[in-house]
$ cat final-v7.pdb   # PDB, C-alpha atoms and all ligand atoms
ATOM      1  CA  MET A 268     -20.004 -76.786  24.547  1.00  0.00           C
ATOM      2  CA  ASP A 269     -20.731 -74.081  27.111  1.00  0.00           C
ATOM      3  CA  TYR A 270     -17.748 -71.844  27.707  1.00  0.00           C
ATOM      4  CA  VAL A 271     -16.751 -68.431  29.009  1.00  0.00           C
ATOM      5  CA  ILE A 272     -16.151 -65.879  26.255  1.00  0.00           C
ATOM      6  CA  ARG A 273     -14.894 -63.086  28.458  1.00  0.00           C
ATOM      7  CA  VAL A 274     -14.532 -62.084  32.059  1.00  0.00           C
ATOM      8  CA  GLY A 275     -14.964 -58.327  32.001  1.00  0.00           C
ATOM      9  CA  ALA A 276     -14.684 -55.771  34.764  1.00  0.00           C
ATOM     10  CA  GLU A 277     -18.390 -55.972  35.419  1.00  0.00           C
ATOM     11  CA  ALA A 278     -19.767 -59.072  33.787  1.00  0.00           C
ATOM     12  CA  VAL A 279     -18.984 -62.614  32.736  1.00  0.00           C
ATOM     13  CA  ILE A 280     -19.967 -63.368  29.138  1.00  0.00           C
ATOM     14  CA  SER A 281     -20.564 -67.047  28.306  1.00  0.00           C
ATOM     15  CA  ARG A 282     -21.830 -69.037  25.394  1.00  0.00           C
ATOM     16  CA  VAL A 283     -24.543 -71.431  26.522  1.00  0.00           C
ATOM     17  CA  ASN A 284     -26.757 -73.867  24.726  1.00  0.00           C
ATOM     18  CA  TRP A 285     -30.266 -73.581  26.108  1.00  0.00           C
ATOM     19  CA  ASN A 286     -33.128 -75.661  24.716  1.00  0.00           C
ATOM     20  CA  GLY A 287     -31.113 -76.036  21.563  1.00  0.00           C
ATOM     21  CA  LEU A 288     -30.748 -72.273  21.269  1.00  0.00           C
ATOM     22  CA  ASP A 289     -27.281 -70.860  20.774  1.00  0.00           C
ATOM     23  CA  THR A 290     -27.214 -68.152  23.414  1.00  0.00           C
ATOM     24  CA  VAL A 291     -24.872 -65.779  25.206  1.00  0.00           C
ATOM     25  CA  SER A 292     -25.361 -65.022  28.870  1.00  0.00           C
ATOM     26  CA  LYS A 293     -24.151 -61.765  30.332  1.00  0.00           C
ATOM     27  CA  HIS A 294     -24.023 -62.087  34.085  1.00  0.00           C
ATOM     28  CA  ARG A 295     -23.168 -59.112  36.225  1.00  0.00           C
ATOM     29  CA  VAL A 296     -21.203 -60.567  39.088  1.00  0.00           C
ATOM     30  CA  PRO A 297     -21.490 -59.440  42.712  1.00  0.00           C
ATOM     31  CA  LYS A 298     -18.882 -56.941  43.845  1.00  0.00           C
ATOM     32  CA  PRO A 299     -17.637 -57.852  47.312  1.00  0.00           C
ATOM     33  CA  TYR A 300     -16.618 -54.257  48.094  1.00  0.00           C
ATOM     34  CA  ARG A 301     -20.172 -52.962  47.695  1.00  0.00           C
ATOM     35  CA  ILE A 302     -22.802 -53.304  50.417  1.00  0.00           C
ATOM     36  CA  ALA A 303     -24.704 -56.458  49.423  1.00  0.00           C
ATOM     37  CA  GLU A 304     -28.115 -54.845  49.175  1.00  0.00           C
ATOM     38  CA  LEU A 305     -26.880 -51.879  47.198  1.00  0.00           C
ATOM     39  CA  ASP A 306     -24.798 -54.173  45.006  1.00  0.00           C
ATOM     40  CA  LYS A 307     -27.805 -56.240  44.067  1.00  0.00           C
ATOM     41  CA  ARG A 308     -29.758 -53.136  43.142  1.00  0.00           C
ATOM     42  CA  VAL A 309     -26.938 -51.693  41.048  1.00  0.00           C
ATOM     43  CA  ARG A 310     -26.488 -54.946  39.112  1.00  0.00           C
ATOM     44  CA  GLU A 311     -30.199 -55.275  38.561  1.00  0.00           C
ATOM     45  CA  GLN A 312     -30.573 -51.681  37.394  1.00  0.00           C
ATOM     46  CA  ARG A 313     -27.677 -51.925  34.929  1.00  0.00           C
ATOM     47  CA  THR A 314     -29.032 -55.196  33.563  1.00  0.00           C
ATOM     48  CA  LEU A 315     -32.492 -53.699  33.138  1.00  0.00           C
ATOM     49  CA  HIS A 316     -31.012 -50.633  31.505  1.00  0.00           C
ATOM     50  CA  GLU A 317     -29.099 -52.750  29.018  1.00  0.00           C
ATOM     51  CA  VAL A 318     -32.251 -54.660  28.058  1.00  0.00           C
ATOM     52  CA  ARG A 319     -34.228 -51.424  27.693  1.00  0.00           C
ATOM     53  CA  VAL A 320     -31.657 -50.145  25.235  1.00  0.00           C
ATOM     54  CA  MET A 321     -31.749 -53.410  23.273  1.00  0.00           C
ATOM     55  CA  VAL A 322     -35.531 -53.154  23.038  1.00  0.00           C
ATOM     56  CA  ALA A 323     -35.277 -49.538  21.890  1.00  0.00           C
ATOM     57  CA  LEU A 324     -32.740 -50.524  19.227  1.00  0.00           C
ATOM     58  CA  LYS A 325     -35.009 -53.305  18.030  1.00  0.00           C
ATOM     59  CA  ARG A 326     -37.800 -50.747  17.625  1.00  0.00           C
ATOM     60  CA  ALA A 327     -35.477 -48.457  15.718  1.00  0.00           C
ATOM     61  CA  GLY A 328     -34.496 -51.336  13.405  1.00  0.00           C
ATOM     62  CA  ILE A 329     -30.869 -51.370  14.522  1.00  0.00           C
ATOM     63  CA  SER A 330     -29.177 -54.742  14.824  1.00  0.00           C
ATOM     64  CA  CYS A 331     -28.123 -56.125  18.164  1.00  0.00           C
ATOM     65  CA  PRO A 332     -28.509 -59.596  19.663  1.00  0.00           C
ATOM     66  CA  ALA A 333     -32.139 -60.516  20.323  1.00  0.00           C
ATOM     67  CA  VAL A 334     -32.950 -60.733  24.008  1.00  0.00           C
ATOM     68  CA  ILE A 335     -34.126 -64.238  24.833  1.00  0.00           C
ATOM     69  CA  LEU A 336     -34.544 -64.096  28.566  1.00  0.00           C
ATOM     70  CA  LEU A 337     -33.968 -61.697  31.408  1.00  0.00           C
ATOM     71  CA  ASP A 338     -33.120 -63.168  34.800  1.00  0.00           C
ATOM     72  CA  ARG A 339     -33.546 -60.110  36.905  1.00  0.00           C
ATOM     73  CA  ASN A 340     -32.692 -61.761  40.190  1.00  0.00           C
ATOM     74  CA  GLU A 341     -29.396 -63.094  38.852  1.00  0.00           C
ATOM     75  CA  ALA A 342     -28.666 -59.888  36.894  1.00  0.00           C
ATOM     76  CA  THR A 343     -28.283 -61.997  33.766  1.00  0.00           C
ATOM     77  CA  ILE A 344     -29.334 -61.408  30.180  1.00  0.00           C
ATOM     78  CA  TYR A 345     -29.642 -64.364  27.809  1.00  0.00           C
ATOM     79  CA  MET A 346     -29.373 -63.259  24.235  1.00  0.00           C
ATOM     80  CA  GLN A 347     -28.873 -64.554  20.722  1.00  0.00           C
ATOM     81  CA  TYR A 348     -25.335 -65.681  19.946  1.00  0.00           C
ATOM     82  CA  ILE A 349     -23.973 -63.693  17.015  1.00  0.00           C
ATOM     83  CA  HIS A 350     -21.868 -65.790  14.660  1.00  0.00           C
ATOM     84  CA  GLY A 351     -19.198 -63.280  13.875  1.00  0.00           C
ATOM     85  CA  VAL A 352     -16.008 -61.604  14.976  1.00  0.00           C
ATOM     86  CA  GLU A 353     -15.279 -58.304  16.678  1.00  0.00           C
ATOM     87  CA  LEU A 354     -14.752 -55.519  14.151  1.00  0.00           C
ATOM     88  CA  ARG A 355     -11.343 -54.956  15.768  1.00  0.00           C
ATOM     89  CA  ARG A 356     -10.230 -58.391  14.604  1.00  0.00           C
ATOM     90  CA  TRP A 357     -11.981 -58.222  11.251  1.00  0.00           C
ATOM     91  CA  LEU A 358     -10.075 -55.015  10.404  1.00  0.00           C
ATOM     92  CA  GLU A 359      -6.772 -56.847  10.750  1.00  0.00           C
ATOM     93  CA  ARG A 360      -7.526 -58.470   7.394  1.00  0.00           C
ATOM     94  CA  GLY A 361      -7.557 -54.972   5.938  1.00  0.00           C
ATOM     95  CA  ASP A 362      -9.063 -55.425   2.475  1.00  0.00           C
ATOM     96  CA  ILE A 363      -9.396 -51.788   1.354  1.00  0.00           C
ATOM     97  CA  GLU A 364     -12.623 -52.072  -0.637  1.00  0.00           C
ATOM     98  CA  GLU A 365     -14.324 -54.122   2.057  1.00  0.00           C
ATOM     99  CA  VAL A 366     -13.194 -51.728   4.768  1.00  0.00           C
ATOM    100  CA  LYS A 367     -14.655 -48.772   2.873  1.00  0.00           C
ATOM    101  CA  GLU A 368     -17.956 -50.535   2.422  1.00  0.00           C
ATOM    102  CA  VAL A 369     -18.216 -51.622   6.067  1.00  0.00           C
ATOM    103  CA  ALA A 370     -17.168 -48.198   7.391  1.00  0.00           C
ATOM    104  CA  ARG A 371     -19.889 -46.497   5.344  1.00  0.00           C
ATOM    105  CA  ASP A 372     -22.424 -49.004   6.494  1.00  0.00           C
ATOM    106  CA  LEU A 373     -21.402 -48.464  10.115  1.00  0.00           C
ATOM    107  CA  GLY A 374     -21.680 -44.704   9.590  1.00  0.00           C
ATOM    108  CA  ARG A 375     -25.262 -45.143   8.389  1.00  0.00           C
ATOM    109  CA  ILE A 376     -26.185 -47.424  11.283  1.00  0.00           C
ATOM    110  CA  VAL A 377     -24.638 -45.163  13.922  1.00  0.00           C
ATOM    111  CA  GLY A 378     -26.400 -42.245  12.199  1.00  0.00           C
ATOM    112  CA  ARG A 379     -29.711 -44.041  12.542  1.00  0.00           C
ATOM    113  CA  MET A 380     -28.994 -44.881  16.168  1.00  0.00           C
ATOM    114  CA  HIS A 381     -28.221 -41.226  16.910  1.00  0.00           C
ATOM    115  CA  ARG A 382     -31.293 -40.118  14.976  1.00  0.00           C
ATOM    116  CA  SER A 383     -33.275 -42.376  17.317  1.00  0.00           C
ATOM    117  CA  LYS A 384     -31.701 -40.428  20.197  1.00  0.00           C
ATOM    118  CA  ILE A 385     -29.595 -43.285  21.456  1.00  0.00           C
ATOM    119  CA  ALA A 386     -25.877 -42.925  22.161  1.00  0.00           C
ATOM    120  CA  HIS A 387     -24.044 -46.226  22.557  1.00  0.00           C
ATOM    121  CA  GLY A 388     -21.733 -44.927  25.270  1.00  0.00           C
ATOM    122  CA  ASP A 389     -18.880 -47.357  24.589  1.00  0.00           C
ATOM    123  CA  LEU A 390     -18.667 -47.497  20.829  1.00  0.00           C
ATOM    124  CA  THR A 391     -15.378 -49.324  20.320  1.00  0.00           C
ATOM    125  CA  THR A 392     -14.472 -51.893  17.682  1.00  0.00           C
ATOM    126  CA  SER A 393     -14.730 -54.594  20.398  1.00  0.00           C
ATOM    127  CA  ASN A 394     -18.388 -53.808  20.893  1.00  0.00           C
ATOM    128  CA  ILE A 395     -19.245 -54.148  17.213  1.00  0.00           C
ATOM    129  CA  LEU A 396     -19.577 -57.641  15.742  1.00  0.00           C
ATOM    130  CA  ILE A 397     -19.522 -58.482  12.051  1.00  0.00           C
ATOM    131  CA  ASP A 398     -20.759 -61.705  10.497  1.00  0.00           C
ATOM    132  CA  GLU A 399     -19.926 -63.601   7.293  1.00  0.00           C
ATOM    133  CA  SER A 400     -22.250 -61.442   5.196  1.00  0.00           C
ATOM    134  CA  LYS A 401     -20.671 -58.284   6.661  1.00  0.00           C
ATOM    135  CA  LYS A 402     -23.749 -57.492   8.699  1.00  0.00           C
ATOM    136  CA  LEU A 403     -22.959 -55.385  11.770  1.00  0.00           C
ATOM    137  CA  TYR A 404     -24.304 -55.821  15.298  1.00  0.00           C
ATOM    138  CA  PHE A 405     -23.795 -53.685  18.370  1.00  0.00           C
ATOM    139  CA  VAL A 406     -23.307 -55.231  21.809  1.00  0.00           C
ATOM    140  CA  ASP A 407     -22.639 -53.921  25.332  1.00  0.00           C
ATOM    141  CA  PHE A 408     -25.189 -51.272  26.265  1.00  0.00           C
ATOM    142  CA  GLY A 409     -24.307 -50.784  29.920  1.00  0.00           C
ATOM    143  CA  LEU A 410     -23.246 -47.192  29.267  1.00  0.00           C
ATOM    144  CA  SER A 411     -25.816 -46.331  26.607  1.00  0.00           C
ATOM    145  CA  MET A 412     -27.971 -43.238  26.918  1.00  0.00           C
ATOM    146  CA  PHE A 413     -31.269 -41.912  25.680  1.00  0.00           C
ATOM    147  CA  THR A 414     -30.143 -38.420  24.784  1.00  0.00           C
ATOM    148  CA  SER A 415     -30.384 -35.471  22.409  1.00  0.00           C
ATOM    149  CA  GLU A 416     -26.997 -33.993  23.327  1.00  0.00           C
ATOM    150  CA  LEU A 417     -24.534 -33.521  20.470  1.00  0.00           C
ATOM    151  CA  GLU A 418     -21.771 -34.129  23.003  1.00  0.00           C
ATOM    152  CA  ASP A 419     -22.979 -37.700  23.692  1.00  0.00           C
ATOM    153  CA  PHE A 420     -23.056 -38.506  19.980  1.00  0.00           C
ATOM    154  CA  ALA A 421     -19.627 -36.958  19.492  1.00  0.00           C
ATOM    155  CA  VAL A 422     -18.225 -39.089  22.312  1.00  0.00           C
ATOM    156  CA  ASP A 423     -19.462 -42.201  20.481  1.00  0.00           C
ATOM    157  CA  VAL A 424     -17.615 -41.291  17.302  1.00  0.00           C
ATOM    158  CA  HIS A 425     -14.561 -40.131  19.235  1.00  0.00           C
ATOM    159  CA  LEU A 426     -14.372 -43.490  21.024  1.00  0.00           C
ATOM    160  CA  LEU A 427     -14.778 -45.335  17.753  1.00  0.00           C
ATOM    161  CA  ASP A 428     -11.906 -43.369  16.244  1.00  0.00           C
ATOM    162  CA  ARG A 429      -9.743 -43.928  19.329  1.00  0.00           C
ATOM    163  CA  SER A 430     -10.413 -47.655  19.232  1.00  0.00           C
ATOM    164  CA  LEU A 431      -8.955 -47.710  15.720  1.00  0.00           C
ATOM    165  CA  GLU A 432      -5.572 -46.640  17.087  1.00  0.00           C
ATOM    166  CA  SER A 433      -4.282 -50.204  16.852  1.00  0.00           C
ATOM    167  CA  VAL A 434      -4.881 -50.440  13.099  1.00  0.00           C
ATOM    168  CA  HIS A 435      -2.597 -48.812  10.523  1.00  0.00           C
ATOM    169  CA  TYR A 436      -3.105 -45.040  10.452  1.00  0.00           C
ATOM    170  CA  LYS A 437      -3.934 -45.075   6.738  1.00  0.00           C
ATOM    171  CA  LEU A 438      -6.640 -47.655   7.273  1.00  0.00           C
ATOM    172  CA  ARG A 439      -7.942 -45.693  10.247  1.00  0.00           C
ATOM    173  CA  GLU A 440      -8.164 -42.547   8.149  1.00  0.00           C
ATOM    174  CA  LEU A 441      -9.888 -44.373   5.332  1.00  0.00           C
ATOM    175  CA  PHE A 442     -12.287 -45.941   7.795  1.00  0.00           C
ATOM    176  CA  MET A 443     -13.264 -42.673   9.448  1.00  0.00           C
ATOM    177  CA  ARG A 444     -13.589 -40.805   6.148  1.00  0.00           C
ATOM    178  CA  ASN A 445     -16.035 -43.421   4.891  1.00  0.00           C
ATOM    179  CA  PHE A 446     -17.781 -43.599   8.256  1.00  0.00           C
ATOM    180  CA  PHE A 447     -18.585 -39.887   7.994  1.00  0.00           C
ATOM    181  CA  ILE A 448     -19.894 -40.280   4.442  1.00  0.00           C
ATOM    182  CA  GLY A 449     -22.388 -42.879   5.684  1.00  0.00           C
ATOM    183  CA  TYR A 450     -23.209 -40.851   8.786  1.00  0.00           C
ATOM    184  CA  ALA A 451     -23.909 -37.720   6.735  1.00  0.00           C
ATOM    185  CA  GLU A 452     -26.257 -39.672   4.467  1.00  0.00           C
ATOM    186  CA  ILE A 453     -28.518 -40.128   7.483  1.00  0.00           C
ATOM    187  CA  LEU A 454     -28.045 -36.977   9.532  1.00  0.00           C
ATOM    188  CA  GLY A 455     -27.024 -34.484   6.870  1.00  0.00           C
ATOM    189  CA  LYS A 456     -23.889 -32.482   6.164  1.00  0.00           C
ATOM    190  CA  ASP A 457     -24.557 -29.680   8.664  1.00  0.00           C
ATOM    191  CA  PHE A 458     -25.177 -31.971  11.592  1.00  0.00           C
ATOM    192  CA  THR A 459     -22.104 -34.009  10.684  1.00  0.00           C
ATOM    193  CA  LYS A 460     -19.973 -30.848  10.511  1.00  0.00           C
ATOM    194  CA  ASN A 461     -21.136 -29.823  13.979  1.00  0.00           C
ATOM    195  CA  LEU A 462     -20.366 -33.299  15.224  1.00  0.00           C
ATOM    196  CA  VAL A 463     -16.848 -33.156  13.803  1.00  0.00           C
ATOM    197  CA  SER A 464     -16.190 -29.816  15.563  1.00  0.00           C
ATOM    198  CA  LYS A 465     -17.470 -31.292  18.786  1.00  0.00           C
ATOM    199  CA  ILE A 466     -15.144 -34.275  18.406  1.00  0.00           C
ATOM    200  CA  ARG A 467     -12.231 -31.880  17.897  1.00  0.00           C
ATOM    201  CA  GLU A 468     -13.231 -30.083  21.088  1.00  0.00           C
ATOM    202  CA  ILE A 469     -13.345 -33.388  23.001  1.00  0.00           C
ATOM    203  CA  ARG A 470      -9.893 -34.308  21.687  1.00  0.00           C
ATOM    204  CA  MET A 471      -8.440 -30.941  22.739  1.00  0.00           C
ATOM    205  CA  ARG A 472      -9.892 -31.386  26.192  1.00  0.00           C
ATOM    206  CA  GLY A 473      -8.303 -34.834  26.388  1.00  0.00           C
ATOM    207  CA  ARG A 474      -4.933 -33.441  25.404  1.00  0.00           C
ATOM    208  CA  TYR A 475      -5.236 -30.627  27.905  1.00  0.00           C
ATOM    209  CA  VAL A 476      -5.964 -33.122  30.682  1.00  0.00           C
ATOM    210  CA  GLU A 477      -2.991 -35.257  29.644  1.00  0.00           C
ATOM    211  CA  GLU A 478      -0.634 -32.283  29.643  1.00  0.00           C
ATOM    212  CA  ARG A 479      -1.780 -31.200  33.076  1.00  0.00           C
ATOM    213  CA  ARG A 480      -1.076 -34.698  34.354  1.00  0.00           C
ATOM    214  CA  ARG A 481       2.542 -34.582  33.197  1.00  0.00           C
TER
HETATM  215  N1  LIG B   1     -24.487 -61.862  21.667  1.00  0.00           N
HETATM  216  C1  LIG B   1     -23.203 -62.076  21.466  1.00  0.00           C
HETATM  217  N2  LIG B   1     -22.781 -62.932  20.501  1.00  0.00           N
HETATM  218  C2  LIG B   1     -21.473 -63.163  20.297  1.00  0.00           C
HETATM  219  N3  LIG B   1     -20.494 -62.573  21.002  1.00  0.00           N
HETATM  220  C3  LIG B   1     -20.836 -61.715  21.977  1.00  0.00           C
HETATM  221  C4  LIG B   1     -22.205 -61.419  22.268  1.00  0.00           C
HETATM  222  N4  LIG B   1     -22.248 -60.537  23.287  1.00  0.00           N
HETATM  223  C5  LIG B   1     -20.964 -60.283  23.620  1.00  0.00           C
HETATM  224  N5  LIG B   1     -20.109 -60.973  22.840  1.00  0.00           N
HETATM  225  C6  LIG B   1     -18.631 -60.962  22.921  1.00  0.00           C
HETATM  226  O1  LIG B   1     -18.241 -60.788  24.260  1.00  0.00           O
HETATM  227  C7  LIG B   1     -17.488 -59.588  24.410  1.00  0.00           C
HETATM  228  C8  LIG B   1     -17.806 -58.955  25.744  1.00  0.00           C
HETATM  229  O2  LIG B   1     -19.182 -58.634  25.823  1.00  0.00           O
HETATM  230  P1  LIG B   1     -19.632 -57.172  26.290  1.00  0.00           P
HETATM  231  O3  LIG B   1     -21.122 -57.139  26.347  1.00  0.00           O
HETATM  232  O4  LIG B   1     -18.944 -56.173  25.447  1.00  0.00           O
HETATM  233  O5  LIG B   1     -19.091 -57.153  27.783  1.00  0.00           O
HETATM  234  P2  LIG B   1     -18.093 -56.154  28.533  1.00  0.00           P
HETATM  235  O6  LIG B   1     -19.003 -55.205  29.231  1.00  0.00           O
HETATM  236  O7  LIG B   1     -17.321 -57.024  29.455  1.00  0.00           O
HETATM  237  O8  LIG B   1     -17.218 -55.484  27.506  1.00  0.00           O
HETATM  238  C9  LIG B   1     -17.851 -58.730  23.189  1.00  0.00           C
HETATM  239  O9  LIG B   1     -16.824 -57.835  22.867  1.00  0.00           O
HETATM  240  C10 LIG B   1     -18.061 -59.790  22.115  1.00  0.00           C
HETATM  241  O10 LIG B   1     -16.831 -60.195  21.559  1.00  0.00           O
HETATM  242 MG    MG B   2     -17.602 -54.652  25.695  1.00  0.00          MG
END
$ encode --input "final-v7.pdb" --output "structure tokens" --more "lines below"
Ligand SMILES: Nc1ncnc2c1ncn2[C@@H]1O[C@H](COP(=O)(O)OP(=O)(O)O)[C@@H](O)[C@H]1O
Ligand SMILES: [Mg+2]
Amino acid sequence: MDYVIRVGAEAVISRVNWNGLDTVSKHRVPKPYRIAELDKRVREQRTLHEVRVMVALKRAGISCPAVILLDRNEATIYMQYIHGVELRRWLERGDIEEVKEVARDLGRIVGRMHRSKIAHGDLTTSNILIDESKKLYFVDFGLSMFTSELEDFAVDVHLLDRSLESVHYKLRELFMRNFFIGYAEILGKDFTKNLVSKIREIRMRGRYVEERRR
């Protein structure tokens, strides 16, 4: 029952049964356009980085797949398979009360992650999984950072908001409003206000860049 889940730009994600364990392998594939030696080092470093972040999240009590094995030479992480769906897909169901509850919960979890000085780096609804009991898990830590910069935290929330573009605007608004309620429970109203201003700044910058392109 082994199969490929996704072929990404950088890695191939597969579901593999190993010793009866339901696992996911994330293999960073060689890039032919990079010098072989450098390529190997880059893949190894990114793989190690991703595992370091997963370990840090574990310490902080934030849910992500458990790391089962690290094959450094093959730039492959074997991790726990999460029985769930991407938040992006789950939101298509759109039950208002459930969405509010999950958004608040996500706000609290992201708040705790930021309080632990970790920014996800690619916080989109494809990189958040949700299981039957509505428990949330983060995946994909290739771009994550250990940081204290408000800007890095704001980018996380900005990306999350942007990734909600495909859902109905009313649902998106509801989601973000509840997200911020949960977030503020952890990091306080003042911090959250500063974060919101920073997000606005990031958005303006984005618009400015787009206008210049035209
Ligand atoms: N541990 C896991 N359990 C279940 N699904 C996973 C797991 N890890 C990744 N996935 C699925 O594979 C997709 C791609 O994995 P991800 O780490 O985000 O790679 P990429 O860097 O290519 O985006 C995720 O969006 C998620 O749907
Ligand atoms: Mg991803």
$ resolve_selection --input "final-v7.pdb" --expression "the PyMOL selection byres (((chain A and resi 293-302) around 9) and not hetatm)" --output "PyMOL selection string"
chain A and resi 277-281+291-292+303-307+310-311+313-314+341-346
$ write_last_selection --input "final-v7.pdb" --atoms "C-alpha atoms" --output "mmCIF file, keeping the file's coordinate frame"
data_model
loop_
_atom_site.group_PDB
_atom_site.id
_atom_site.type_symbol
_atom_site.label_atom_id
_atom_site.label_comp_id
_atom_site.auth_asym_id
_atom_site.auth_seq_id
_atom_site.Cartn_x
_atom_site.Cartn_y
_atom_site.Cartn_z
ATOM 1 C CA GLU A 277 -18.390 -55.972 35.419
ATOM 2 C CA ALA A 278 -19.767 -59.072 33.787
ATOM 3 C CA VAL A 279 -18.984 -62.614 32.736
ATOM 4 C CA ILE A 280 -19.967 -63.368 29.138
ATOM 5 C CA SER A 281 -20.564 -67.047 28.306
ATOM 6 C CA VAL A 291 -24.872 -65.779 25.206
ATOM 7 C CA SER A 292 -25.361 -65.022 28.870
ATOM 8 C CA ALA A 303 -24.704 -56.458 49.423
ATOM 9 C CA GLU A 304 -28.115 -54.845 49.175
ATOM 10 C CA LEU A 305 -26.880 -51.879 47.198
ATOM 11 C CA ASP A 306 -24.798 -54.173 45.006
ATOM 12 C CA LYS A 307 -27.805 -56.240 44.067
ATOM 13 C CA ARG A 310 -26.488 -54.946 39.112
ATOM 14 C CA GLU A 311 -30.199 -55.275 38.561
ATOM 15 C CA ARG A 313 -27.677 -51.925 34.929
ATOM 16 C CA THR A 314 -29.032 -55.196 33.563
ATOM 17 C CA GLU A 341 -29.396 -63.094 38.852
ATOM 18 C CA ALA A 342 -28.666 -59.888 36.894
ATOM 19 C CA THR A 343 -28.283 -61.997 33.766
ATOM 20 C CA ILE A 344 -29.334 -61.408 30.180
ATOM 21 C CA TYR A 345 -29.642 -64.364 27.809
ATOM 22 C CA MET A 346 -29.373 -63.259 24.235
#
$ residues_around --input "final-v7.pdb" --residues "Val463 (chain A)" --least-positions-apart "2" --cutoff "12 Å" --atoms "all atoms listed in the file" --output "VMD selection string"
chain A and resid 417 to 418 420 to 425 428 443 to 444 446 to 447 450 to 451 456 to 461 465 to 470
$ resolve_selection --input "final-v7.pdb" --expression "the PyMOL selection byres (((chain A and resi 453) around 7) and not hetatm)" --output "PDB file with C-alpha atoms, in the frame of the given file"
ATOM      1  CA  ARG A 375     -25.262 -45.143   8.389  1.00  0.00           C
ATOM      2  CA  GLY A 378     -26.400 -42.245  12.199  1.00  0.00           C
ATOM      3  CA  ARG A 379     -29.711 -44.041  12.542  1.00  0.00           C
ATOM      4  CA  GLY A 449     -22.388 -42.879   5.684  1.00  0.00           C
ATOM      5  CA  TYR A 450     -23.209 -40.851   8.786  1.00  0.00           C
ATOM      6  CA  ALA A 451     -23.909 -37.720   6.735  1.00  0.00           C
ATOM      7  CA  GLU A 452     -26.257 -39.672   4.467  1.00  0.00           C
ATOM      8  CA  LEU A 454     -28.045 -36.977   9.532  1.00  0.00           C
ATOM      9  CA  GLY A 455     -27.024 -34.484   6.870  1.00  0.00           C
TER      10      GLY A 455
END
$ residues_near_ligand --input "final-v7.pdb" --ligand "ligand LIG 1 (chain B)" --cutoff "7 Å" --atoms "all atoms listed in the file" --output "VMD selection string"
chain A and resid 272 to 280 291 293 332 346 to 353 393 to 394 396 406 to 407 409
$ write_last_selection --input "final-v7.pdb" --atoms "C-alpha atoms" --output "mmCIF file, keeping the file's coordinate frame"
data_model
loop_
_atom_site.group_PDB
_atom_site.id
_atom_site.type_symbol
_atom_site.label_atom_id
_atom_site.label_comp_id
_atom_site.auth_asym_id
_atom_site.auth_seq_id
_atom_site.Cartn_x
_atom_site.Cartn_y
_atom_site.Cartn_z
ATOM 1 C CA ILE A 272 -16.151 -65.879 26.255
ATOM 2 C CA ARG A 273 -14.894 -63.086 28.458
ATOM 3 C CA VAL A 274 -14.532 -62.084 32.059
ATOM 4 C CA GLY A 275 -14.964 -58.327 32.001
ATOM 5 C CA ALA A 276 -14.684 -55.771 34.764
ATOM 6 C CA GLU A 277 -18.390 -55.972 35.419
ATOM 7 C CA ALA A 278 -19.767 -59.072 33.787
ATOM 8 C CA VAL A 279 -18.984 -62.614 32.736
ATOM 9 C CA ILE A 280 -19.967 -63.368 29.138
ATOM 10 C CA VAL A 291 -24.872 -65.779 25.206
ATOM 11 C CA LYS A 293 -24.151 -61.765 30.332
ATOM 12 C CA PRO A 332 -28.509 -59.596 19.663
ATOM 13 C CA MET A 346 -29.373 -63.259 24.235
ATOM 14 C CA GLN A 347 -28.873 -64.554 20.722
ATOM 15 C CA TYR A 348 -25.335 -65.681 19.946
ATOM 16 C CA ILE A 349 -23.973 -63.693 17.015
ATOM 17 C CA HIS A 350 -21.868 -65.790 14.660
ATOM 18 C CA GLY A 351 -19.198 -63.280 13.875
ATOM 19 C CA VAL A 352 -16.008 -61.604 14.976
ATOM 20 C CA GLU A 353 -15.279 -58.304 16.678
ATOM 21 C CA SER A 393 -14.730 -54.594 20.398
ATOM 22 C CA ASN A 394 -18.388 -53.808 20.893
ATOM 23 C CA LEU A 396 -19.577 -57.641 15.742
ATOM 24 C CA VAL A 406 -23.307 -55.231 21.809
ATOM 25 C CA ASP A 407 -22.639 -53.921 25.332
ATOM 26 C CA GLY A 409 -24.307 -50.784 29.920
#
$ residues_around --input "final-v7.pdb" --residues "Ile363 (chain A)" --least-positions-apart "5" --cutoff "9 Å" --atoms "all atoms listed in the file" --output "JSON, numbers by chain"
{"A": [368, 438, 441]}
$ axis_aligned_box --input "final-v7.pdb" --around "region 438-455 of chain A" --padding-each-side "4 Å" --output "lines of an AutoDock Vina configuration file"
center_x = -17.6
center_y = -41.1
center_z = 7.3
size_x = 29.9
size_y = 21.2
size_z = 13.8
$ closest_residue --input "final-v7.pdb" --among "A:Val318, A:Met471, A:Leu390, A:Leu427" --to "ligand MG 2 (chain B)" --atoms "all atoms listed in the file"
A:Leu390
$ closest_residue --input "final-v7.pdb" --among "A:Arg429, A:Arg326, A:Arg355, A:Lys384" --to "ligand MG 2 (chain B)" --atoms "all atoms listed in the file"
A:Arg355
$ residues_around --input "final-v7.pdb" --residues "Val369 (chain A)" --least-positions-apart "4" --cutoff "8 Å" --atoms "only C-alpha atoms" --output "list in words"
Glu365, Leu373 and Lys401 of chain A
$ write_last_selection --input "final-v7.pdb" --atoms "C-alpha atoms" --output "short mmCIF file (atom, residue, chain, number, x, y, z; two decimals), in the coordinates of the input"
data_model
loop_
_atom_site.label_atom_id
_atom_site.label_comp_id
_atom_site.auth_asym_id
_atom_site.auth_seq_id
_atom_site.Cartn_x
_atom_site.Cartn_y
_atom_site.Cartn_z
CA GLU A 365 -14.32 -54.12 2.06
CA LEU A 373 -21.40 -48.46 10.12
CA LYS A 401 -20.67 -58.28 6.66
#
$ residues_around --input "final-v7.pdb" --residues "Ser433 (chain A)" --least-positions-apart "3" --cutoff "10 Å" --atoms "all atoms listed in the file" --output "ChimeraX atom specification"
/A:355,358-359,429-430,436,439
$ closest_residue --input "final-v7.pdb" --among "A:Glu432, A:Met380, A:Leu426, A:His387" --to "Ile329 (chain A)" --atoms "all atoms listed in the file"
A:Met380
